[in-house]
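For reference, entry_5.cif is printed below; it contains mmCIF, C-alpha atoms.
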```cif
data_final
loop_
_atom_site.label_atom_id
_atom_site.label_comp_id
_atom_site.auth_asym_id
_atom_site.auth_seq_id
_atom_site.Cartn_x
_atom_site.Cartn_y
_atom_site.Cartn_z
CA MET A 1 -29.67 -24.05 16.81
CA ILE A 2 -28.51 -20.86 15.06
CA GLU A 3 -24.88 -20.51 13.89
CA ARG A 4 -23.74 -16.87 13.68
CA ARG A 5 -20.96 -16.01 11.25
CA ALA A 6 -20.97 -12.29 11.85
CA LEU A 7 -18.40 -12.49 14.64
CA PRO A 8 -15.66 -14.36 12.71
CA SER A 9 -15.99 -12.05 9.72
CA ARG A 10 -15.81 -8.99 11.93
CA ILE A 11 -12.71 -10.38 13.60
CA ALA A 12 -11.09 -10.90 10.19
CA MET A 13 -11.91 -7.33 9.15
CA SER A 14 -10.64 -5.95 12.45
CA LEU A 15 -7.33 -7.78 12.08
CA CYS A 16 -6.86 -6.38 8.57
CA GLY A 17 -7.78 -2.92 9.79
CA GLY A 18 -5.29 -3.20 12.63
CA LEU A 19 -2.57 -4.19 10.21
CA PHE A 20 -3.47 -1.19 8.07
CA ILE A 21 -3.12 1.18 11.04
CA ALA A 22 0.12 -0.45 12.23
CA LEU A 23 1.89 -0.31 8.90
CA VAL A 24 1.01 3.18 7.69
CA PRO A 25 3.08 5.08 10.30
CA ALA A 26 6.06 2.83 9.55
CA THR A 27 6.45 4.45 6.14
CA ALA A 28 7.08 7.88 7.65
CA ALA A 29 10.73 7.00 8.31
CA PHE A 30 11.24 6.63 4.56
CA ALA A 31 9.33 9.75 3.52
CA ASP A 32 12.50 11.52 2.34
CA ALA A 33 13.82 8.81 0.04
CA PRO A 34 14.32 9.78 -3.63
CA GLY A 35 10.92 10.33 -5.19
CA PRO A 36 9.28 11.64 -8.36
CA THR A 37 10.35 15.10 -9.45
CA ASP A 38 10.03 17.62 -12.29
CA TYR A 39 13.71 18.58 -12.15
CA ASN A 40 16.88 16.93 -13.34
CA SER A 41 20.15 18.18 -11.87
CA THR A 42 23.48 17.60 -13.56
CA ILE A 43 27.12 18.27 -12.81
CA THR A 44 28.36 20.72 -15.42
CA ALA A 45 32.01 20.87 -14.32
CA ILE A 46 34.42 19.76 -11.60
CA GLU A 47 37.38 22.03 -10.90
CA THR A 48 40.44 21.35 -8.76
CA ASP A 49 42.78 23.98 -7.34
CA ASP A 50 45.76 22.49 -9.19
CA ARG A 51 43.74 21.76 -12.37
CA LEU A 52 44.80 18.13 -12.23
CA PRO A 53 42.36 15.17 -12.46
CA LEU A 54 40.87 13.76 -9.32
CA PRO A 55 42.51 10.62 -7.88
CA GLU A 56 41.47 7.39 -9.59
CA GLY A 57 38.40 5.88 -7.94
CA VAL A 58 36.87 9.19 -6.84
CA GLY A 59 33.25 9.55 -7.92
CA ILE A 60 30.97 12.56 -7.58
CA SER A 61 27.40 12.19 -8.81
CA ILE A 62 23.82 13.37 -8.39
CA GLU A 63 21.38 10.63 -7.36
CA GLY A 64 17.60 10.59 -7.45
CA HIS A 65 17.49 12.98 -10.42
CA ASP A 66 17.97 16.05 -8.19
CA SER A 67 17.75 14.69 -4.67
CA PHE A 68 21.21 13.73 -3.39
CA LEU A 69 24.82 14.64 -4.02
CA ALA A 70 26.97 11.53 -3.63
CA LEU A 71 30.71 11.23 -3.05
CA THR A 72 32.82 8.07 -3.23
CA VAL A 73 36.56 7.82 -2.65
CA PRO A 74 38.95 4.86 -2.76
CA ARG A 75 40.45 3.49 0.42
CA GLY A 76 43.46 5.58 1.39
CA VAL A 77 41.94 8.87 0.17
CA ALA A 78 40.32 11.22 2.69
CA ALA A 79 37.59 13.76 1.89
CA GLN A 80 35.85 16.58 3.72
CA VAL A 81 32.52 18.24 2.96
CA PRO A 82 32.06 21.64 4.62
CA GLY A 83 28.56 22.82 5.51
CA TYR A 84 26.67 25.84 4.25
CA GLU A 85 28.47 28.07 6.75
CA GLN A 86 31.84 26.41 6.05
CA GLU A 87 31.60 24.47 9.30
CA PRO A 88 32.81 20.84 9.48
CA TYR A 89 29.89 18.76 8.19
CA LEU A 90 30.88 15.41 6.62
CA LYS A 91 34.15 13.58 6.23
CA ILE A 92 35.43 10.26 4.93
CA ASP A 93 38.62 9.04 6.57
CA GLN A 94 41.33 7.07 4.76
CA ASP A 95 40.02 3.82 6.28
CA CYS A 96 36.59 4.49 4.66
CA THR A 97 34.89 5.52 7.91
CA THR A 98 32.24 8.15 7.16
CA LEU A 99 31.37 10.67 9.86
CA GLU A 100 28.81 13.45 10.33
CA ASN A 101 29.20 16.42 12.67
CA GLN A 102 26.13 16.48 14.92
CA ARG A 103 26.80 20.12 15.84
CA SER A 104 26.69 21.27 12.21
CA VAL A 105 23.64 23.26 11.13
CA SER A 106 23.88 21.44 7.79
CA THR A 107 23.39 18.05 9.47
CA TRP A 108 19.89 19.03 10.57
CA TYR A 109 18.94 21.25 7.67
CA ASN A 110 19.74 18.45 5.22
CA LYS A 111 17.48 15.90 6.91
CA ASP A 112 14.70 16.81 4.50
CA ARG A 113 14.77 17.68 0.81
CA PHE A 114 13.19 21.06 1.49
CA GLY A 115 15.09 21.76 4.70
CA GLY A 116 14.69 19.94 8.01
CA ASP A 117 14.07 21.38 11.47
CA ILE A 118 17.29 22.60 13.04
CA ALA A 119 18.09 21.27 16.53
CA THR A 120 19.02 24.63 18.03
CA ASN A 121 19.92 23.03 21.37
CA VAL A 122 22.84 21.10 19.84
CA VAL A 123 23.88 23.17 16.81
CA ASP A 124 27.06 25.15 17.35
CA ASN A 125 29.24 25.73 14.31
CA ASP A 126 31.93 27.35 16.45
CA ALA A 127 32.27 24.42 18.88
CA ASP A 128 34.47 21.39 18.40
CA ALA A 129 32.89 18.92 15.98
CA ASP A 130 30.84 16.08 17.47
CA TRP A 131 31.56 13.34 14.93
CA LYS A 132 29.14 10.44 14.57
CA VAL A 133 29.98 7.40 12.45
CA ILE A 134 27.30 6.96 9.76
CA GLY A 135 29.02 4.50 7.43
CA SER A 136 32.15 2.58 6.49
CA SER A 137 31.86 2.10 2.72
CA CYS A 138 33.98 5.05 1.57
CA SER A 139 30.86 6.78 0.24
CA VAL A 140 28.25 9.25 1.43
CA ALA A 141 25.15 10.87 -0.03
CA TRP A 142 23.37 13.92 1.33
CA HIS A 143 20.59 16.38 0.50
CA ASP A 144 22.63 19.31 -0.72
CA HIS A 145 20.12 22.09 -1.23
CA ARG A 146 22.35 23.80 -3.75
CA ILE A 147 21.65 21.11 -6.35
CA HIS A 148 17.85 21.37 -6.48
CA TYR A 149 14.94 23.80 -6.48
CA MET A 150 13.87 24.42 -2.88
CA SER A 151 10.09 24.55 -3.25
CA PRO A 152 7.34 21.99 -3.98
CA ILE A 153 5.63 24.66 -6.12
CA ARG A 154 6.81 25.07 -9.70
CA PRO A 155 8.55 28.41 -10.34
CA ILE A 156 6.25 31.09 -11.81
CA ASN A 157 6.51 31.59 -15.59
CA ALA A 158 9.13 28.85 -15.91
CA GLU A 159 8.96 26.70 -19.04
CA PRO A 160 10.13 23.12 -19.60
CA GLY A 161 13.81 23.18 -20.50
CA ASP A 162 14.56 26.24 -18.36
CA VAL A 163 17.55 26.03 -16.02
CA ILE A 164 16.11 26.77 -12.61
CA VAL A 165 19.18 26.37 -10.40
CA THR A 166 22.88 27.01 -10.93
CA ASP A 167 25.31 26.74 -8.03
CA SER A 168 28.58 25.22 -6.83
CA ILE A 169 29.71 23.03 -3.94
CA ALA A 170 33.19 23.13 -2.41
CA LEU A 171 34.85 19.91 -1.22
CA THR A 172 38.30 18.83 -0.11
CA ILE A 173 39.55 15.55 -1.56
CA ASP A 174 42.99 14.14 -0.84
CA GLY A 175 44.01 17.51 0.55
CA ARG A 176 43.00 19.36 -2.63
CA ASP A 177 40.24 21.93 -3.01
CA VAL A 178 37.52 20.80 -5.39
CA VAL A 179 34.54 22.78 -6.70
CA VAL A 180 31.53 20.98 -8.19
CA HIS A 181 29.35 23.09 -10.50
CA VAL A 182 25.72 22.02 -10.91
CA GLN A 183 22.52 23.07 -12.64
CA SER A 184 18.92 21.89 -12.49
CA GLU A 185 16.50 21.83 -15.44
CA LEU A 186 12.70 21.86 -15.38
CA PHE A 187 10.82 19.09 -17.22
CA ALA A 188 7.30 19.11 -18.69
CA PRO A 189 4.44 17.38 -16.80
CA PRO A 190 3.85 13.75 -17.84
CA SER A 191 1.11 12.40 -20.11
CA GLN A 192 -1.83 10.79 -18.30
CA LEU A 193 -2.45 8.31 -21.13
CA PRO A 194 -0.54 5.38 -19.51
CA ALA A 195 -2.54 5.82 -16.28
CA ILE A 196 -5.82 5.93 -18.19
CA ILE A 197 -4.93 2.78 -20.14
CA GLY A 198 -3.95 0.98 -16.92
CA ALA A 199 -7.21 1.97 -15.23
CA ILE A 200 -9.27 0.76 -18.21
CA ILE A 201 -7.43 -2.59 -18.27
CA SER A 202 -8.02 -3.07 -14.58
CA LEU A 203 -11.69 -2.12 -14.76
CA ALA A 204 -12.20 -4.60 -17.60
CA MET A 205 -10.58 -7.42 -15.62
CA VAL A 206 -12.57 -6.60 -12.51
CA ALA A 207 -15.85 -6.48 -14.43
CA MET A 208 -15.26 -9.89 -15.99
CA MET A 209 -14.11 -11.64 -12.82
CA TRP A 210 -16.57 -10.04 -10.40
CA ARG A 211 -19.55 -11.39 -12.32
CA GLY A 212 -18.30 -14.93 -11.83
CA THR A 213 -17.38 -14.28 -8.18
CA THR A 214 -13.79 -15.29 -8.95
CA LEU A 215 -12.21 -11.86 -8.48
CA ALA A 216 -10.05 -13.15 -5.63
CA VAL A 217 -7.85 -15.15 -8.02
CA LEU A 218 -6.53 -11.85 -9.41
CA VAL A 219 -4.95 -10.87 -6.08
CA PHE A 220 -1.75 -12.81 -6.74
CA PRO A 221 -0.97 -11.61 -10.31
CA VAL A 222 -1.84 -7.99 -9.54
CA SER A 223 0.28 -8.12 -6.36
CA ALA A 224 3.16 -9.57 -8.38
CA ILE A 225 2.92 -6.58 -10.73
CA GLY A 226 3.11 -4.25 -7.74
CA LEU A 227 6.10 -6.12 -6.33
CA ILE A 228 7.98 -5.84 -9.64
CA VAL A 229 7.26 -2.12 -9.91
CA GLY A 230 8.16 -1.52 -6.26
CA GLY A 231 11.31 -3.60 -6.60
CA ALA A 232 12.41 -1.57 -9.61
CA GLN A 233 12.02 1.59 -7.53
CA TYR A 234 13.81 0.17 -4.52
CA VAL A 235 16.91 -1.08 -6.34
CA TRP A 236 17.14 2.06 -8.52
CA ALA A 237 18.27 4.26 -5.64
CA PRO A 238 21.73 3.75 -4.08
CA THR A 239 21.64 2.35 -0.55
CA ALA A 240 23.22 5.52 0.83
CA THR A 241 20.14 7.53 -0.20
CA GLY A 242 17.79 5.47 1.97
CA PRO A 243 15.50 3.87 -0.63
CA ASN A 244 11.88 3.48 0.42
CA ILE A 245 11.39 -0.09 1.66
CA SER A 246 7.61 0.34 1.89
CA VAL A 247 7.31 0.14 -1.91
CA VAL A 248 8.36 -3.51 -1.57
CA ILE A 249 6.82 -4.46 1.77
CA PHE A 250 3.20 -3.71 0.92
CA PRO A 251 3.05 -5.64 -2.38
CA PHE A 252 5.03 -8.48 -0.78
CA ILE A 253 2.36 -8.86 1.89
CA ALA A 254 -0.25 -8.72 -0.88
CA VAL A 255 1.55 -11.47 -2.82
CA THR A 256 1.48 -13.61 0.32
CA ALA A 257 -2.25 -12.94 0.63
CA GLY A 258 -2.67 -13.88 -3.03
CA VAL A 259 -0.98 -17.23 -2.40
CA ALA A 260 -3.29 -17.72 0.58
CA VAL A 261 -6.30 -17.16 -1.68
CA TYR A 262 -5.29 -20.17 -3.79
CA ALA A 263 -4.62 -22.24 -0.68
CA ALA A 264 -7.91 -21.14 0.88
CA ARG A 265 -10.06 -23.34 -1.34
CA HIS A 266 -9.96 -25.97 1.40
CA ARG A 267 -10.20 -23.47 4.26
CA GLY A 268 -13.60 -21.93 3.51
CA LEU A 269 -14.96 -18.61 2.27
CA LEU A 270 -14.02 -16.68 5.38
CA PHE A 271 -10.33 -17.39 4.88
CA THR A 272 -10.58 -16.64 1.15
CA ASN A 273 -12.35 -13.33 1.64
CA GLY A 274 -10.10 -12.35 4.53
CA SER A 275 -7.01 -12.96 2.38
CA THR A 276 -8.57 -10.96 -0.45
CA LEU A 277 -9.28 -8.08 1.92
CA LEU A 278 -5.73 -8.14 3.24
CA GLY A 279 -4.22 -8.20 -0.25
CA GLY A 280 -6.50 -5.44 -1.49
CA THR A 281 -5.76 -3.27 1.53
CA MET A 282 -2.00 -3.60 1.07
CA LEU A 283 -2.25 -2.80 -2.65
CA THR A 284 -4.45 0.21 -1.97
CA ILE A 285 -1.98 1.60 0.58
CA TRP A 286 0.88 1.00 -1.86
CA ALA A 287 -0.96 2.82 -4.65
CA VAL A 288 -1.87 5.78 -2.42
CA LEU A 289 1.78 6.15 -1.37
CA ARG A 290 2.74 6.24 -5.08
CA LEU A 291 0.05 8.58 -6.41
CA ASP A 292 2.69 11.20 -7.18
CA VAL A 293 4.03 9.04 -10.05
CA PHE A 294 1.09 10.38 -12.08
CA SER A 295 1.99 14.03 -11.42
CA PHE A 296 5.76 14.29 -11.86
CA ALA A 297 7.86 13.98 -14.99
CA LEU A 298 10.80 11.95 -13.65
CA LEU A 299 10.30 8.79 -11.60
CA PRO A 300 12.63 6.90 -9.22
CA THR A 301 12.66 3.65 -11.20
CA SER A 302 14.64 1.64 -13.70
CA LEU A 303 11.46 0.82 -15.61
CA PRO A 304 10.17 2.92 -18.50
CA TYR A 305 8.03 5.63 -16.96
CA TRP A 306 4.93 4.69 -18.95
CA VAL A 307 5.19 1.11 -17.65
CA ASP A 308 5.42 2.33 -14.05
CA ARG A 309 2.38 4.61 -14.44
CA CYS A 310 0.29 2.04 -16.28
CA CYS A 311 1.03 -0.73 -13.76
CA THR A 312 0.45 1.59 -10.80
CA ALA A 313 -3.00 2.42 -12.18
CA VAL A 314 -3.75 -1.29 -12.61
CA VAL A 315 -2.77 -1.97 -9.00
CA ALA A 316 -4.67 1.06 -7.66
CA VAL A 317 -7.99 0.20 -9.31
CA SER A 318 -7.63 -3.52 -8.60
CA GLY A 319 -6.73 -2.95 -4.96
CA ILE A 320 -9.86 -0.88 -4.38
CA ALA A 321 -11.92 -3.53 -6.19
CA PHE A 322 -10.45 -6.33 -4.03
CA VAL A 323 -11.32 -4.45 -0.85
CA SER A 324 -14.86 -3.73 -2.06
CA TYR A 325 -15.39 -7.30 -3.20
CA ALA A 326 -14.09 -8.85 0.01
CA MET A 327 -16.10 -6.48 2.19
CA GLN A 328 -19.22 -7.33 0.23
CA GLN A 329 -18.63 -11.05 0.58
CA LEU A 330 -17.82 -10.79 4.29
CA TRP A 331 -20.95 -8.72 4.84
CA ARG A 332 -23.07 -11.36 3.13
CA MET A 333 -21.49 -14.01 5.33
CA SER A 334 -22.19 -11.98 8.46
CA VAL A 335 -25.91 -11.77 7.77
CA VAL A 336 -26.35 -15.41 6.80
CA ARG A 337 -27.72 -17.39 9.69
CA PRO A 338 -28.20 -20.96 8.54
CA GLN A 339 -30.48 -23.13 10.58
CA THR A 340 -29.05 -26.32 12.00
CA GLU A 341 -31.66 -28.86 12.84
CA LEU A 342 -31.58 -30.28 16.31
CA VAL A 343 -31.71 -34.07 16.32
CA THR A 344 -33.50 -35.55 19.28
CA ASP A 345 -34.01 -39.15 20.21
#
```

As structure tokens:
Amino acid sequence: MIERRALPSRIAMSLCGGLFIALVPATAAFADAPGPTDYNSTITAIETDDRLPLPEGVGISIEGHDSFLALTVPRGVAAQVPGYEQEPYLKIDQDCTTLENQRSVSTWYNKDRFGGDIATNVVDNDADADWKVIGSSCSVAWHDHRIHYMSPIRPINAEPGDVIVTDSIALTIDGRDVVVHVQSELFAPPSQLPAIIGAIISLAMVAMMWRGTTLAVLVFPVSAIGLIVGGAQYVWAPTATGPNISVVIFPFIAVTAGVAVYAARHRGLLFTNGSTLLGGTMLTIWAVLRLDVFSFALLPTSLPYWVDRCCTAVVAVSGIAFVSYAMQQLWRMSVVRPQTELVTD
């Protein structure tokens, strides 16, 4: 009797592939979270109409290096943020309720860092505001396009250290007019040395472990590295800026797969290789989504930038190796057709 193992291995690969397809679109909702950039925006001055300090507890800051302008007020203090055409755009009531005018052109234009599509069928700056509650924490953060450079292409002839943007934003806080002055500075491209070192380290580990067919045991520690790096990115950004949850989800699934690899010693090679394929696939997706950390000067993380780049390179190379290794092993299993002797009386 012939036992065919091709079908189970193909099923395992199909399940992993299906998970790949299902999870990739899910990240699109977080595509506009704070990301790597070559610009750092700062508040140079805050002016009030009466030249008195702002009420205690009021905070105005730039988050994500140059991505969001954030406003926080204490309970009992109201604030209004007019849009680009001075229409009602955002407001925080005294009870901390935060509202957004759905008829404001700014609501739609600020959906994306470089300007979102405007819903012309609902925008009407002259109509009564259509307020939608978007929070209750006495704080709000929004893509204000006056605080950053509005192009993914670096400005021509600009040098690192040049001030690329200078502008001001008008607010009303506690009934007083407030003007926030900002500027944005260009930074030099990053060194590729940390990425190269990370890739070399990973290649060395893979070469040593592949020869002994024990590469799968690396899935857990490499996934843990990815989870730490992703976690540092996720917690770095304030909640109001919509931090990218995918940077944590993918390595978390990979960590789970790494644990399964250790547990699979009593479950057979199919389970081991399937878990390795799943972990490698998740790590590869994670690394692809973070490739821009190698290209931009400033990263959305609390880790030293060289650590982030080095670890991302380790995860990227290892993830591809895990996928290749698991596919190779599953292929070998699919073509093995052991003979089982028939016992007859």

Mind telling me what the PyMOL selection byres ((chain A and resi 219) around 10) catches here, as JSON, numbers by chain?
{"A": [215, 216, 217, 218, 220, 221, 222, 223, 224, 254, 255, 256, 257, 258, 259, 260, 261, 262, 275, 276, 277, 278, 279, 280, 283, 315, 318, 319, 322]}

Translate the PyMOL selection byres ((chain A and resi 295-310) around 7), as applied to the file shown, into an explicit residue set as a ChimeraX atom specification.
/A:34-38,64,187-190,194-195,197-198,229,232-233,236,292-294,311-314

Can you tell me how far CA of Val180 (chain A) sits from CA of Ala240 (chain A), in Å to one decimal?
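Value for the CA of Val180 (chain A)-CA of Ala240 (chain A) distance: 19.7 Å.
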
Once the PyMOL selection byres ((chain A and resi 175) around 10) has been evaluated on this model, what residues remain selected, and can you format them as a list in words?
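Applied to this file, the PyMOL selection byres ((chain A and resi 175) around 10) returns Val77, Ala78, Ala79, Gln80, Leu171, Thr172, Ile173, Asp174, Arg176, Asp177 and Val178 of chain A.
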
Show me, as number ranges by chain, the residues that have an atom within 12 Å of Asp66 (chain A) when counting only C-alpha atoms, minus same-chain residues fewer than 4 positions from it.
A: 33-43, 61-62, 70, 113-114, 142-150, 164-165, 182-187, 241, 298-300

With distances taken over all atoms listed in the file, which of A:Cys138, A:Val58, A:Leu52, A:Ala321 is nearest to Gln94 (chain A)?
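Distance minimum relative to Gln94 (chain A) lands on A:Cys138.
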
CA of Leu227 (chain A) and CA of Phe250 (chain A), how far apart in Å?
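Pair CA of Phe250 (chain A) / CA of Leu227 (chain A) returns 8.2 Å.
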
Pick out the closest residue to Val73 (chain A) from this set: A:Gln86, A:Thr44, A:Asn110, A:Ser139. Count only C-alpha atoms.
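Nearest to Val73 (chain A): A:Ser139.
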
Atom pair CA of Thr284 (chain A) / CA of Ser246 (chain A): separation (Å)
12.7 Å

From the options A:Val105, A:Leu269, A:Val317, A:Ile245, which residue's atoms come nearest to Met205 (chain A), counting all atoms listed in the file?
A:Val317

Env of Cys96 (chain A): 6 Å cut, atoms = only C-alpha atoms, seq-sep filter 6 positions within chain, self excluded. Answer as a ChimeraX atom specification.
/A:75,136-138

In the coordinate frame of the file, compute which residues have an atom within 6 Å of (33.9, 14.2, 6.3) when using only C-alpha atoms, and state them as number ranges by chain.
A: 79-81, 90-92, 99

N, CA and C atoms are needed for region 179-190 of chain A; please write them out as an mmCIF file, in the frame of the given file.
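The resulting file, part.cif, is shown below:
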```cif
data_model
loop_
_atom_site.group_PDB
_atom_site.id
_atom_site.type_symbol
_atom_site.label_atom_id
_atom_site.label_comp_id
_atom_site.auth_asym_id
_atom_site.auth_seq_id
_atom_site.Cartn_x
_atom_site.Cartn_y
_atom_site.Cartn_z
ATOM 1 N N VAL A 179 35.809 22.071 -6.559
ATOM 2 C CA VAL A 179 34.540 22.780 -6.700
ATOM 3 C C VAL A 179 33.692 22.054 -7.735
ATOM 4 N N VAL A 180 32.465 21.692 -7.318
ATOM 5 C CA VAL A 180 31.530 20.980 -8.190
ATOM 6 C C VAL A 180 30.456 21.972 -8.647
ATOM 7 N N HIS A 181 30.354 22.184 -9.942
ATOM 8 C CA HIS A 181 29.350 23.090 -10.500
ATOM 9 C C HIS A 181 28.136 22.285 -10.955
ATOM 10 N N VAL A 182 26.949 22.762 -10.598
ATOM 11 C CA VAL A 182 25.720 22.020 -10.910
ATOM 12 C C VAL A 182 24.673 22.964 -11.508
ATOM 13 N N GLN A 183 23.708 22.347 -12.200
ATOM 14 C CA GLN A 183 22.520 23.070 -12.640
ATOM 15 C C GLN A 183 21.330 22.118 -12.633
ATOM 16 N N SER A 184 20.136 22.685 -12.538
ATOM 17 C CA SER A 184 18.920 21.890 -12.490
ATOM 18 C C SER A 184 17.923 22.408 -13.526
ATOM 19 N N GLU A 185 17.383 21.476 -14.329
ATOM 20 C CA GLU A 185 16.500 21.830 -15.440
ATOM 21 C C GLU A 185 15.073 21.358 -15.170
ATOM 22 N N LEU A 186 14.112 22.178 -15.554
ATOM 23 C CA LEU A 186 12.700 21.860 -15.380
ATOM 24 C C LEU A 186 12.191 21.007 -16.536
ATOM 25 N N PHE A 187 11.395 19.970 -16.206
ATOM 26 C CA PHE A 187 10.820 19.090 -17.220
ATOM 27 C C PHE A 187 9.302 19.307 -17.304
ATOM 28 N N ALA A 188 8.740 18.959 -18.458
ATOM 29 C CA ALA A 188 7.300 19.110 -18.690
ATOM 30 C C ALA A 188 6.520 18.058 -17.910
ATOM 31 N N PRO A 189 5.283 18.370 -17.500
ATOM 32 C CA PRO A 189 4.440 17.380 -16.800
ATOM 33 C C PRO A 189 4.231 16.148 -17.679
ATOM 34 N N PRO A 190 3.978 14.995 -17.070
ATOM 35 C CA PRO A 190 3.850 13.750 -17.840
ATOM 36 C C PRO A 190 2.475 13.618 -18.495
#
```
